[in-house]
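Below: work_5.pdb (PDB, C-alpha atoms and all ligand atoms)
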MODEL        1
ATOM      1  CA  MET H   1    -450.946 152.201  74.532
ATOM      2  CA  ARG H   2    -450.280 149.467  77.106
ATOM      3  CA  ARG H   3    -446.578 150.174  76.903
ATOM      4  CA  LEU H   4    -447.162 153.908  77.230
ATOM      5  CA  VAL H   5    -449.190 153.514  80.421
ATOM      6  CA  ALA H   6    -447.069 150.764  81.947
ATOM      7  CA  GLU H   7    -446.403 151.276  85.657
ATOM      8  CA  THR H   8    -443.410 148.985  85.827
ATOM      9  CA  ARG H   9    -440.482 148.793  83.443
ATOM     10  CA  VAL H  10    -437.646 146.341  83.730
ATOM     11  CA  HIS H  11    -434.201 147.392  82.522
ATOM     12  CA  ALA H  12    -431.228 145.129  81.898
ATOM     13  CA  SER H  13    -429.088 147.200  84.275
ATOM     14  CA  GLN H  14    -431.232 146.075  87.212
ATOM     15  CA  LEU H  15    -430.639 142.369  86.535
ATOM     16  CA  ILE H  16    -427.868 140.402  88.272
ATOM     17  CA  LEU H  17    -426.746 136.989  87.061
ATOM     18  CA  PRO H  18    -425.788 134.427  89.746
ATOM     19  CA  MET H  19    -422.982 132.141  88.492
ATOM     20  CA  PHE H  20    -421.415 128.938  89.838
ATOM     21  CA  VAL H  21    -417.701 128.402  89.243
ATOM     22  CA  ARG H  22    -416.303 124.941  89.796
ATOM     23  CA  GLU H  23    -412.744 124.351  90.899
ATOM     24  CA  GLY H  24    -410.607 122.187  88.611
ATOM     25  CA  SER H  25    -413.118 121.934  85.803
ATOM     26  CA  THR H  26    -412.212 122.647  82.204
ATOM     27  CA  GLU H  27    -415.724 122.382  80.741
ATOM     28  CA  PRO H  28    -419.047 123.808  81.912
ATOM     29  CA  MET H  29    -421.047 121.094  83.734
ATOM     30  CA  PRO H  30    -424.850 120.954  83.566
ATOM     31  CA  ILE H  31    -426.972 121.093  86.747
ATOM     32  CA  SER H  32    -429.833 118.636  86.283
ATOM     33  CA  SER H  33    -432.373 120.449  88.453
ATOM     34  CA  MET H  34    -431.614 123.780  86.738
ATOM     35  CA  PRO H  35    -431.741 123.080  82.998
ATOM     36  CA  GLY H  36    -429.772 125.761  81.133
ATOM     37  CA  VAL H  37    -427.655 126.728  84.175
ATOM     38  CA  VAL H  38    -424.128 125.321  84.518
ATOM     39  CA  GLN H  39    -421.220 125.028  86.902
ATOM     40  CA  HIS H  40    -418.726 127.142  84.987
ATOM     41  CA  SER H  41    -415.078 126.552  84.320
ATOM     42  CA  LEU H  42    -412.993 129.724  84.584
ATOM     43  CA  ASP H  43    -413.025 130.027  80.795
ATOM     44  CA  SER H  44    -416.760 129.571  80.378
ATOM     45  CA  MET H  45    -417.306 132.032  83.259
ATOM     46  CA  ARG H  46    -415.245 134.643  81.419
ATOM     47  CA  ARG H  47    -417.277 134.138  78.251
ATOM     48  CA  ALA H  48    -420.583 134.377  80.122
ATOM     49  CA  ILE H  49    -419.450 137.571  81.861
ATOM     50  CA  ALA H  50    -418.435 139.157  78.566
ATOM     51  CA  GLU H  51    -421.820 138.212  77.124
ATOM     52  CA  ALA H  52    -423.720 139.579  80.150
ATOM     53  CA  ALA H  53    -421.793 142.870  80.010
ATOM     54  CA  GLU H  54    -422.461 143.153  76.284
ATOM     55  CA  LEU H  55    -426.186 142.677  76.949
ATOM     56  CA  GLY H  56    -426.171 145.435  79.577
ATOM     57  CA  VAL H  57    -426.711 143.184  82.626
ATOM     58  CA  GLY H  58    -425.954 145.138  85.808
ATOM     59  CA  GLY H  59    -423.843 142.602  87.653
ATOM     60  CA  VAL H  60    -422.896 139.024  88.364
ATOM     61  CA  MET H  61    -422.934 137.211  91.726
ATOM     62  CA  LEU H  62    -420.252 134.531  91.987
ATOM     63  CA  PHE H  63    -420.528 131.283  93.960
ATOM     64  CA  GLY H  64    -417.568 128.921  94.299
ATOM     65  CA  VAL H  65    -417.771 125.128  94.102
ATOM     66  CA  PRO H  66    -414.540 123.906  95.740
ATOM     67  CA  GLU H  67    -412.901 120.517  95.153
ATOM     68  CA  ARG H  68    -412.357 119.974  98.867
ATOM     69  CA  LYS H  69    -414.468 121.005 101.852
ATOM     70  CA  ASP H  70    -413.635 120.999 105.569
ATOM     71  CA  ALA H  71    -415.202 121.935 108.900
ATOM     72  CA  GLN H  72    -413.894 125.528 108.858
ATOM     73  CA  GLY H  73    -414.547 126.162 105.174
ATOM     74  CA  SER H  74    -410.848 126.902 104.613
ATOM     75  CA  GLY H  75    -411.286 127.398 100.879
ATOM     76  CA  ALA H  76    -413.329 130.524 101.541
ATOM     77  CA  THR H  77    -410.431 132.467 103.005
ATOM     78  CA  ASP H  78    -407.641 130.967 100.873
ATOM     79  CA  PRO H  79    -406.516 133.525  98.253
ATOM     80  CA  ASN H  80    -406.132 130.530  95.923
ATOM     81  CA  GLY H  81    -409.598 129.171  96.765
ATOM     82  CA  ILE H  82    -411.894 128.934  93.754
ATOM     83  CA  LEU H  83    -414.124 131.887  94.613
ATOM     84  CA  ASN H  84    -411.185 134.252  95.091
ATOM     85  CA  VAL H  85    -409.466 132.990  91.929
ATOM     86  CA  ALA H  86    -412.715 133.368  89.973
ATOM     87  CA  THR H  87    -413.236 136.877  91.349
ATOM     88  CA  ARG H  88    -409.849 138.058  90.080
ATOM     89  CA  ALA H  89    -410.597 136.568  86.650
ATOM     90  CA  ALA H  90    -414.105 138.037  86.599
ATOM     91  CA  VAL H  91    -412.956 141.538  87.509
ATOM     92  CA  ALA H  92    -410.284 141.430  84.808
ATOM     93  CA  GLU H  93    -412.850 140.278  82.249
ATOM     94  CA  ALA H  94    -415.635 142.668  83.231
ATOM     95  CA  GLY H  95    -413.647 145.899  83.425
ATOM     96  CA  ASP H  96    -416.229 148.647  83.850
ATOM     97  CA  GLY H  97    -418.860 146.567  82.049
ATOM     98  CA  LEU H  98    -420.694 145.274  85.122
ATOM     99  CA  VAL H  99    -420.362 144.901  88.902
ATOM    100  CA  VAL H 100    -418.618 141.733  90.133
ATOM    101  CA  GLN H 101    -420.197 140.516  93.384
ATOM    102  CA  THR H 102    -419.343 137.565  95.595
ATOM    103  CA  ASP H 103    -421.339 135.303  97.897
ATOM    104  CA  LEU H 104    -419.986 135.692 101.416
ATOM    105  CA  CYS H 105    -421.094 132.531 103.196
ATOM    106  CA  LEU H 106    -419.380 129.333 104.285
ATOM    107  CA  ASP H 107    -421.872 126.723 103.102
ATOM    108  CA  GLU H 108    -420.195 126.065  99.762
ATOM    109  CA  PHE H 109    -416.915 125.451 101.589
ATOM    110  CA  THR H 110    -417.881 123.473 104.709
ATOM    111  CA  ASP H 111    -418.047 119.665 104.761
ATOM    112  CA  HIS H 112    -421.141 119.817 107.017
ATOM    113  CA  GLY H 113    -422.788 122.266 104.582
ATOM    114  CA  HIS H 114    -423.809 124.884 107.145
ATOM    115  CA  CYS H 115    -423.422 128.612 106.559
ATOM    116  CA  GLY H 116    -421.246 128.930 109.658
ATOM    117  CA  VAL H 117    -418.862 126.859 111.752
ATOM    118  CA  LEU H 118    -420.098 124.420 114.405
ATOM    119  CA  ASP H 119    -419.514 124.313 118.151
ATOM    120  CA  ALA H 120    -418.501 121.216 120.130
ATOM    121  CA  ARG H 121    -422.130 120.064 120.276
ATOM    122  CA  GLY H 122    -422.595 120.390 116.519
ATOM    123  CA  ARG H 123    -424.683 123.558 116.599
ATOM    124  CA  VAL H 124    -423.970 126.523 114.342
ATOM    125  CA  ASP H 125    -421.808 128.892 116.391
ATOM    126  CA  ASN H 126    -422.930 132.419 115.492
ATOM    127  CA  ASP H 127    -420.026 134.400 116.895
ATOM    128  CA  ALA H 128    -417.288 132.007 115.785
ATOM    129  CA  SER H 129    -418.828 132.206 112.313
ATOM    130  CA  LEU H 130    -418.504 135.998 112.372
ATOM    131  CA  GLU H 131    -414.748 135.610 112.781
ATOM    132  CA  ARG H 132    -414.658 133.463 109.632
ATOM    133  CA  TYR H 133    -416.826 136.000 107.765
ATOM    134  CA  ARG H 134    -414.459 138.823 108.697
ATOM    135  CA  ASP H 135    -411.524 136.943 107.174
ATOM    136  CA  MET H 136    -413.587 135.908 104.169
ATOM    137  CA  ALA H 137    -414.610 139.529 103.562
ATOM    138  CA  VAL H 138    -411.009 140.727 103.509
ATOM    139  CA  ALA H 139    -409.980 137.851 101.209
ATOM    140  CA  GLN H 140    -412.817 138.730  98.798
ATOM    141  CA  ALA H 141    -412.056 142.445  98.860
ATOM    142  CA  GLU H 142    -408.373 141.690  98.224
ATOM    143  CA  SER H 143    -409.462 139.626  95.199
ATOM    144  CA  GLY H 144    -411.271 142.680  93.852
ATOM    145  CA  SER H 145    -414.897 141.868  94.664
ATOM    146  CA  GLN H 146    -416.943 145.029  94.144
ATOM    147  CA  LEU H 147    -419.889 144.074  96.366
ATOM    148  CA  LEU H 148    -419.970 141.466  99.136
ATOM    149  CA  GLY H 149    -423.202 139.471  99.360
ATOM    150  CA  LEU H 150    -423.616 138.408 102.996
ATOM    151  CA  SER H 151    -425.998 135.456 102.716
ATOM    152  CA  GLY H 152    -425.200 133.504 105.897
ATOM    153  CA  MET H 153    -427.864 135.019 108.192
ATOM    154  CA  MET H 154    -425.635 135.128 111.283
ATOM    155  CA  ASP H 155    -426.698 137.826 113.751
ATOM    156  CA  GLY H 156    -424.374 140.818 113.597
ATOM    157  CA  GLN H 157    -422.737 139.782 110.321
ATOM    158  CA  VAL H 158    -423.069 143.159 108.616
ATOM    159  CA  ALA H 159    -421.484 145.072 111.506
ATOM    160  CA  ALA H 160    -418.678 142.505 111.849
ATOM    161  CA  VAL H 161    -417.814 142.548 108.146
ATOM    162  CA  ARG H 162    -418.042 146.351 107.936
ATOM    163  CA  GLU H 163    -415.585 146.660 110.804
ATOM    164  CA  ALA H 164    -413.203 144.106 109.286
ATOM    165  CA  LEU H 165    -413.264 145.818 105.892
ATOM    166  CA  ASP H 166    -412.704 149.265 107.374
ATOM    167  CA  SER H 167    -409.753 148.005 109.451
ATOM    168  CA  ALA H 168    -408.174 146.484 106.349
ATOM    169  CA  GLU H 169    -408.514 149.710 104.357
ATOM    170  CA  PHE H 170    -411.462 148.490 102.331
ATOM    171  CA  SER H 171    -413.820 151.176 103.582
ATOM    172  CA  GLU H 172    -415.105 151.689 100.042
ATOM    173  CA  THR H 173    -416.144 148.068  99.510
ATOM    174  CA  PRO H 174    -419.952 147.963  99.841
ATOM    175  CA  ILE H 175    -422.099 145.340 101.593
ATOM    176  CA  LEU H 176    -425.264 143.675 100.321
ATOM    177  CA  GLY H 177    -426.989 142.220 103.391
ATOM    178  CA  TYR H 178    -429.269 139.248 102.792
ATOM    179  CA  ALA H 179    -431.513 140.687 105.454
ATOM    180  CA  ALA H 180    -434.807 138.839 105.081
ATOM    181  CA  LYS H 181    -433.715 135.383 104.042
ATOM    182  CA  TYR H 182    -436.252 132.677 104.765
ATOM    183  CA  ALA H 183    -435.632 128.978 105.483
ATOM    184  CA  SER H 184    -437.054 127.886 102.134
ATOM    185  CA  ALA H 185    -437.697 124.710 100.174
ATOM    186  CA  PHE H 186    -437.049 126.768  97.055
ATOM    187  CA  TYR H 187    -433.265 126.591  97.559
ATOM    188  CA  GLY H 188    -433.366 122.874  96.691
ATOM    189  CA  PRO H 189    -431.743 122.981  93.237
ATOM    190  CA  PHE H 190    -429.027 125.376  94.490
ATOM    191  CA  ARG H 191    -427.845 122.634  96.836
ATOM    192  CA  GLU H 192    -427.185 120.470  93.777
ATOM    193  CA  ALA H 193    -425.509 123.404  92.019
ATOM    194  CA  VAL H 194    -422.934 123.822  94.809
ATOM    195  CA  GLN H 195    -422.818 120.084  95.655
ATOM    196  CA  SER H 196    -423.944 120.833  99.197
ATOM    197  CA  THR H 197    -423.486 118.135 101.811
ATOM    198  CA  LEU H 198    -425.976 119.706 104.233
ATOM    199  CA  GLN H 199    -427.762 117.356 106.628
ATOM    200  CA  GLY H 200    -430.771 118.840 108.401
ATOM    201  CA  ASP H 201    -431.859 122.403 107.730
ATOM    202  CA  ARG H 202    -431.018 126.046 108.357
ATOM    203  CA  ARG H 203    -433.866 126.886 110.706
ATOM    204  CA  SER H 204    -431.573 127.978 113.514
ATOM    205  CA  TYR H 205    -430.493 130.991 111.447
ATOM    206  CA  GLN H 206    -432.911 131.600 108.539
ATOM    207  CA  LEU H 207    -436.389 133.105 108.969
ATOM    208  CA  GLU H 208    -439.676 131.280 109.427
ATOM    209  CA  PRO H 209    -441.791 131.502 106.226
ATOM    210  CA  GLY H 210    -444.877 132.731 108.082
ATOM    211  CA  ASN H 211    -443.158 135.732 109.671
ATOM    212  CA  ARG H 212    -443.803 138.978 107.822
ATOM    213  CA  ARG H 213    -443.028 141.599 110.497
ATOM    214  CA  GLU H 214    -439.783 139.843 111.290
ATOM    215  CA  GLY H 215    -438.706 140.328 107.650
ATOM    216  CA  ALA H 216    -439.058 144.107 107.920
ATOM    217  CA  ARG H 217    -437.307 144.036 111.295
ATOM    218  CA  GLU H 218    -434.327 142.140 109.861
ATOM    219  CA  VAL H 219    -434.085 144.709 107.059
ATOM    220  CA  LEU H 220    -433.819 147.567 109.554
ATOM    221  CA  LEU H 221    -431.280 145.678 111.675
ATOM    222  CA  ASP H 222    -429.019 145.266 108.632
ATOM    223  CA  VAL H 223    -429.458 148.906 107.639
ATOM    224  CA  ASN H 224    -428.470 149.979 111.158
ATOM    225  CA  GLU H 225    -425.383 147.768 111.039
ATOM    226  CA  GLY H 226    -424.283 149.525 107.844
ATOM    227  CA  ALA H 227    -425.686 147.518 104.931
ATOM    228  CA  ASP H 228    -425.502 149.490 101.678
ATOM    229  CA  ILE H 229    -428.168 147.330 100.017
ATOM    230  CA  VAL H 230    -430.574 144.787 101.537
ATOM    231  CA  MET H 231    -432.046 141.615 100.076
ATOM    232  CA  VAL H 232    -435.309 139.731 100.361
ATOM    233  CA  LYS H 233    -435.091 136.055  99.433
ATOM    234  CA  PRO H 234    -436.739 134.014  97.924
ATOM    235  CA  ALA H 235    -438.716 136.442  95.755
ATOM    236  CA  MET H 236    -441.996 135.072  94.432
ATOM    237  CA  SER H 237    -443.369 133.614  97.667
ATOM    238  CA  TYR H 238    -442.276 136.712  99.640
ATOM    239  CA  LEU H 239    -443.582 139.660  97.586
ATOM    240  CA  ASP H 240    -445.404 141.044 100.635
ATOM    241  CA  VAL H 241    -442.163 141.039 102.623
ATOM    242  CA  LEU H 242    -440.472 142.706  99.649
ATOM    243  CA  ALA H 243    -443.122 145.438  99.483
ATOM    244  CA  ASP H 244    -442.754 146.034 103.236
ATOM    245  CA  ALA H 245    -438.975 146.219 102.896
ATOM    246  CA  ALA H 246    -439.230 148.687 100.018
ATOM    247  CA  ALA H 247    -441.525 150.863 102.129
ATOM    248  CA  VAL H 248    -439.202 151.072 105.138
ATOM    249  CA  SER H 249    -435.693 150.764 103.743
ATOM    250  CA  PRO H 250    -433.597 153.896 103.220
ATOM    251  CA  VAL H 251    -431.179 151.872 101.040
ATOM    252  CA  PRO H 252    -431.817 149.903  97.815
ATOM    253  CA  VAL H 253    -433.815 146.683  98.181
ATOM    254  CA  TRP H 254    -433.000 143.730  95.971
ATOM    255  CA  ALA H 255    -434.706 140.363  95.620
ATOM    256  CA  TYR H 256    -433.406 136.931  94.611
ATOM    257  CA  GLN H 257    -435.457 134.780  92.250
ATOM    258  CA  VAL H 258    -433.954 131.563  93.604
ATOM    259  CA  SER H 259    -433.098 128.207  92.083
ATOM    260  CA  GLY H 260    -436.449 126.570  92.920
ATOM    261  CA  GLU H 261    -438.352 129.432  91.300
ATOM    262  CA  TYR H 262    -436.262 128.914  88.174
ATOM    263  CA  ALA H 263    -436.710 125.138  88.294
ATOM    264  CA  MET H 264    -440.496 125.410  88.593
ATOM    265  CA  ILE H 265    -440.776 127.635  85.518
ATOM    266  CA  GLU H 266    -438.443 125.351  83.540
ATOM    267  CA  ALA H 267    -440.232 122.156  84.564
ATOM    268  CA  ALA H 268    -443.709 123.469  83.791
ATOM    269  CA  ALA H 269    -442.545 124.950  80.482
ATOM    270  CA  ALA H 270    -440.814 121.703  79.485
ATOM    271  CA  ASN H 271    -444.141 119.944  79.970
ATOM    272  CA  GLY H 272    -445.913 122.501  77.813
ATOM    273  CA  TRP H 273    -447.974 123.627  80.826
ATOM    274  CA  ILE H 274    -446.997 127.296  80.731
ATOM    275  CA  ASP H 275    -445.620 129.720  78.137
ATOM    276  CA  ARG H 276    -441.968 129.934  79.146
ATOM    277  CA  GLU H 277    -441.089 133.390  77.793
ATOM    278  CA  ARG H 278    -444.188 134.997  79.249
ATOM    279  CA  ALA H 279    -443.680 133.318  82.620
ATOM    280  CA  VAL H 280    -440.060 134.496  82.768
ATOM    281  CA  SER H 281    -440.904 138.125  82.039
ATOM    282  CA  GLU H 282    -444.038 138.152  84.211
ATOM    283  CA  SER H 283    -442.179 136.699  87.188
ATOM    284  CA  VAL H 284    -439.390 139.292  87.034
ATOM    285  CA  THR H 285    -441.768 142.184  86.286
ATOM    286  CA  SER H 286    -443.808 141.223  89.359
ATOM    287  CA  ILE H 287    -440.729 141.217  91.573
ATOM    288  CA  VAL H 288    -439.881 144.738  90.361
ATOM    289  CA  ARG H 289    -443.525 145.833  90.757
ATOM    290  CA  ALA H 290    -443.489 144.637  94.381
ATOM    291  CA  GLY H 291    -440.543 146.919  95.133
ATOM    292  CA  ALA H 292    -437.230 145.386  94.086
ATOM    293  CA  ASP H 293    -434.738 147.939  92.760
ATOM    294  CA  ALA H 294    -432.748 145.064  91.239
ATOM    295  CA  VAL H 295    -433.273 141.311  90.855
ATOM    296  CA  LEU H 296    -430.857 138.398  91.052
ATOM    297  CA  THR H 297    -432.131 135.950  88.463
ATOM    298  CA  TYR H 298    -430.710 133.036  86.508
ATOM    299  CA  TYR H 299    -432.604 134.560  83.557
ATOM    300  CA  ALA H 300    -430.604 137.829  83.649
ATOM    301  CA  SER H 301    -428.763 137.467  80.327
ATOM    302  CA  GLU H 302    -431.680 135.861  78.522
ATOM    303  CA  LEU H 303    -434.060 138.556  79.705
ATOM    304  CA  ALA H 304    -431.598 141.328  78.872
ATOM    305  CA  ARG H 305    -431.405 139.953  75.347
ATOM    306  CA  SER H 306    -435.175 139.849  74.892
ATOM    307  CA  LEU H 307    -435.530 143.363  76.403
ATOM    308  CA  LYS H 308    -433.460 144.687  73.508
ATOM    309  CA  THR H 309    -436.220 143.785  71.078
ATOM    310  CA  GLN H 310    -439.290 143.736  73.328
ATOM    311  CA  PRO H 311    -439.046 146.164  76.264
ATOM    312  CA  LEU H 312    -441.159 145.242  79.307
TER     313      LEU H 312
HETATM  314  C1  LIG K   1    -426.001 130.520 100.871
HETATM  315  C2  LIG K   1    -426.920 130.728  99.728
HETATM  316  C3  LIG K   1    -427.975 129.906  99.329
HETATM  317  C4  LIG K   1    -428.527 130.488  98.198
HETATM  318  C5  LIG K   1    -427.802 131.644  97.924
HETATM  319  N1  LIG K   1    -426.826 131.801  98.906
HETATM  320  C6  LIG K   1    -428.411 128.597  99.865
HETATM  321  C7  LIG K   1    -429.024 128.466 101.186
HETATM  322  O1  LIG K   1    -429.188 129.437 101.960
HETATM  323  O2  LIG K   1    -429.371 127.334 101.516
HETATM  324  C8  LIG K   1    -429.693 129.949  97.420
HETATM  325  C9  LIG K   1    -429.860 130.531  96.053
HETATM  326  C10 LIG K   1    -430.791 129.761  95.183
HETATM  327  O3  LIG K   1    -431.516 128.859  95.646
HETATM  328  O4  LIG K   1    -430.828 130.091  93.998
HETATM  329  N2  LIG K   1    -424.643 130.601 100.436
ENDMDL
END
Would you give me this structure, written as structure tokens?
Amino acid sequence: MRRLVAETRVHASQLILPMFVREGSTEPMPISSMPGVVQHSLDSMRRAIAEAAELGVGGVMLFGVPERKDAQGSGATDPNGILNVATRAAVAEAGDGLVVQTDLCLDEFTDHGHCGVLDARGRVDNDASLERYRDMAVAQAESGSQLLGLSGMMDGQVAAVREALDSAEFSETPILGYAAKYASAFYGPFREAVQSTLQGDRRSYQLEPGNRREGAREVLLDVNEGADIVMVKPAMSYLDVLADAAAVSPVPVWAYQVSGEYAMIEAAAANGWIDRERAVSESVTSIVRAGADAVLTYYASELARSLKTQPL
């Protein structure tokens, strides 16, 4: 009876698996603050994509971990940079099985760890960063990325990337705008995952956690610039922002259950303080209940597997 009257159902096709791919590595490497998540080699990435597709997962979001970083984030626009190499391999592996998406941001590739490039005074230069994003977008589309995830939070990034894609004859490549992305402590483990060298914080470009109206405003700005999908991030601490976004957005709204949300569930479960399986399914169900049409979660494949036997 409870299943019959359920108001929220989670389906594998609305789950997206974020994956880290490390340049030059031949074995998957564990990430200590995210037990069970790895930095993939190209081979282990291919296997994990085949598994996710087999389980009915809707997509994967790729992040590159380059061997070398520099001030401009050169690896991001290099066709032989790890993210572009991984994208070609992922698309070949996935076929029509799932949607291959790529993180479009410079932080994995810059030696200072910021999402954009810096000006002479060391501040993040919004408009110079847009130029890098335009080139990065074309490089990712040329590698076959099927959805570009713009996570850098520079003003005007969606319009700039849309224009660059259209000029390069990639008018059919869609954009996922990380519209309401908050300056959050819950990204902590991700910084280990991509070996970030960031000093300081991202408060000059990410949102203030207390600002709810501003989240909805950022969603509408991205929609007006041409975003095909918008994101709210993190998920669990921002369910009100997510519900607002779902109420006003004319395009799909996704949410990202981020690394710190994953780490908290894993740490509490490892101590025997919570029931891991129930916490995983409750957390994702709640994100869908609040209004997410799809969820990026490190649990995507695991949850898809358990949904086969026990539908939520
Ligand atoms: C930026 C980016 C970040 C995450 C996804 N894209 C890090 C940041 O903004 O600091 C965090 C994801 C997570 O914590 O799981 N490229």
Translate the PyMOL selection byres (((chain H and resi 130) around 8) and not hetatm) into a concrete residue list for this structure, as a PyMOL selection string. chain H and resi 126-129+131-134+154+156-157+160-161
Could you tell me which residues the PyMOL selection byres (((not hetatm)) within 8 of (chain K and resi 1)) returns for this structure, as JSON, numbers by chain? {"H": [18, 63, 103, 104, 105, 106, 107, 108, 115, 151, 152, 181, 183, 184, 186, 187, 188, 189, 190, 191, 202, 206, 234, 256, 257, 258, 259, 260]}
What separates CA of Glu214 (chain H) and CA of Ala180 (chain H) is a distance of 8.0 Å
Please check which residues have atoms at most 12 Å from (-411.5, 139.0, 86.4) in the file's coordinates, counting all atoms listed in the file, and write them as a PyMOL selection string. chain H and resi 42-43+45-50+60+62+83-101+143-146
Exactly which residues make up the result of the PyMOL selection byres (((chain H and resi 215) around 12) and not hetatm) on this file, given as a PyMOL selection string? chain H and resi 178-183+206-214+216-222+230-234+238-246+248-249
Can you build me a table of region 208-299 of chain H residues sitting at most 8 Å from region 19-41 of chain H, with the closest atom pair per residue and its distance in Å to one decimal, using only C-alpha atoms, sorted by chain and residue number, as a tab-separated table?
residue	atom	partner	partner_atom	distance
H:Ser259	CA	H:Met34	CA	7.1
H:Tyr262	CA	H:Met34	CA	7.1
H:Ala263	CA	H:Met34	CA	5.5
H:Glu266	CA	H:Pro35	CA	7.1
H:Tyr298	CA	H:Val37	CA	7.4
Quick one, how far is CA of Val158 (chain H) from CA of Glu225 (chain H)? 5.7 Å
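For the residues H:Leu198, H:Val124, H:Thr309, H:Leu303, ranking by smallest atom-to-atom distance to Ser283 (chain H) using all atoms listed in the file places H:Leu303 first.
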Could you jot down the CA of Ile287 (chain H) to CA of Leu307 (chain H) separation for me, Å, one decimal place? 16.2 Å
Quick one: residues within 8 Å of Tyr299 (chain H), only C-alpha atoms counted, chain neighbours fewer than 3 positions away excluded, as an mmCIF file with C-alpha atoms, in the frame of the given file?
data_model
loop_
_atom_site.group_PDB
_atom_site.id
_atom_site.type_symbol
_atom_site.label_atom_id
_atom_site.label_comp_id
_atom_site.auth_asym_id
_atom_site.auth_seq_id
_atom_site.Cartn_x
_atom_site.Cartn_y
_atom_site.Cartn_z
ATOM 1 C CA LEU H 17 -426.746 136.989 87.061
ATOM 2 C CA VAL H 280 -440.060 134.496 82.768
ATOM 3 C CA GLU H 302 -431.680 135.861 78.522
ATOM 4 C CA LEU H 303 -434.060 138.556 79.705
#
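Nearest to Ser196 (chain H) of all the residues H:Met136, H:Leu15, H:Val65, H:Ala300 is H:Val65, counting only C-alpha atoms.
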From the set H:Val194, H:Met1, H:Met153, H:Val138, which residue has the shortest atom-to-atom contact distance to Phe109 (chain H), counting all atoms listed in the file? H:Val194
Could you check the closest approach to Gln199 (chain H) for each of H:Asp70, H:Glu54, H:Asp111, H:Glu7 and tell me which residue wins, using all atoms listed in the file? H:Asp111
Find the spatial neighbours of Ile229 (chain H), counting all atoms listed in the file, within a cut-off of 7 Å - ignore same-chain residues fewer than 3 positions away - and output them as an MDAnalysis selection string. chainID H and resid 175:177 251:253
C-alpha atoms of the current selection, written as a CSV table (one decimal), in the coordinates of the input:
chain,number,residue,atom,x,y,z
H,175,ILE,CA,-422.1,145.3,101.6
H,176,LEU,CA,-425.3,143.7,100.3
H,177,GLY,CA,-427.0,142.2,103.4
H,251,VAL,CA,-431.2,151.9,101.0
H,252,PRO,CA,-431.8,149.9,97.8
H,253,VAL,CA,-433.8,146.7,98.2
Take region 87-96 of chain H, bring it up to N, CA, C and O atoms, and give me the output as a compact mmCIF listing (two decimals), keeping the file's coordinate frame.
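Dumped to out-v3.txt:
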# COMPACT_ATOMS: atom_id res chain seq x y z
N THR H 87 -412.96 135.44 91.22
CA THR H 87 -413.24 136.88 91.35
C THR H 87 -412.18 137.69 90.60
O THR H 87 -412.52 138.62 89.85
N ARG H 88 -410.91 137.32 90.78
CA ARG H 88 -409.85 138.06 90.08
C ARG H 88 -410.05 137.97 88.57
O ARG H 88 -409.93 138.95 87.85
N ALA H 89 -410.38 136.75 88.09
CA ALA H 89 -410.60 136.57 86.65
C ALA H 89 -411.82 137.35 86.17
O ALA H 89 -411.82 137.94 85.09
N ALA H 90 -412.86 137.36 86.99
CA ALA H 90 -414.10 138.04 86.60
C ALA H 90 -413.90 139.55 86.51
O ALA H 90 -414.37 140.20 85.57
N VAL H 91 -413.19 140.09 87.50
CA VAL H 91 -412.96 141.54 87.51
C VAL H 91 -412.12 141.94 86.30
O VAL H 91 -412.40 142.95 85.62
N ALA H 92 -411.12 141.13 85.97
CA ALA H 92 -410.28 141.43 84.81
C ALA H 92 -411.12 141.39 83.53
O ALA H 92 -410.95 142.21 82.63
N GLU H 93 -412.02 140.42 83.45
CA GLU H 93 -412.85 140.28 82.25
C GLU H 93 -413.89 141.40 82.15
O GLU H 93 -414.11 141.94 81.06
N ALA H 94 -414.50 141.73 83.26
CA ALA H 94 -415.64 142.67 83.23
C ALA H 94 -415.21 144.11 83.01
O ALA H 94 -415.93 144.88 82.40
N GLY H 95 -414.03 144.49 83.51
CA GLY H 95 -413.65 145.90 83.42
C GLY H 95 -414.74 146.76 84.05
O GLY H 95 -415.22 146.47 85.14
N ASP H 96 -415.15 147.80 83.34
CA ASP H 96 -416.23 148.65 83.85
C ASP H 96 -417.60 148.20 83.34
O ASP H 96 -418.58 148.90 83.49
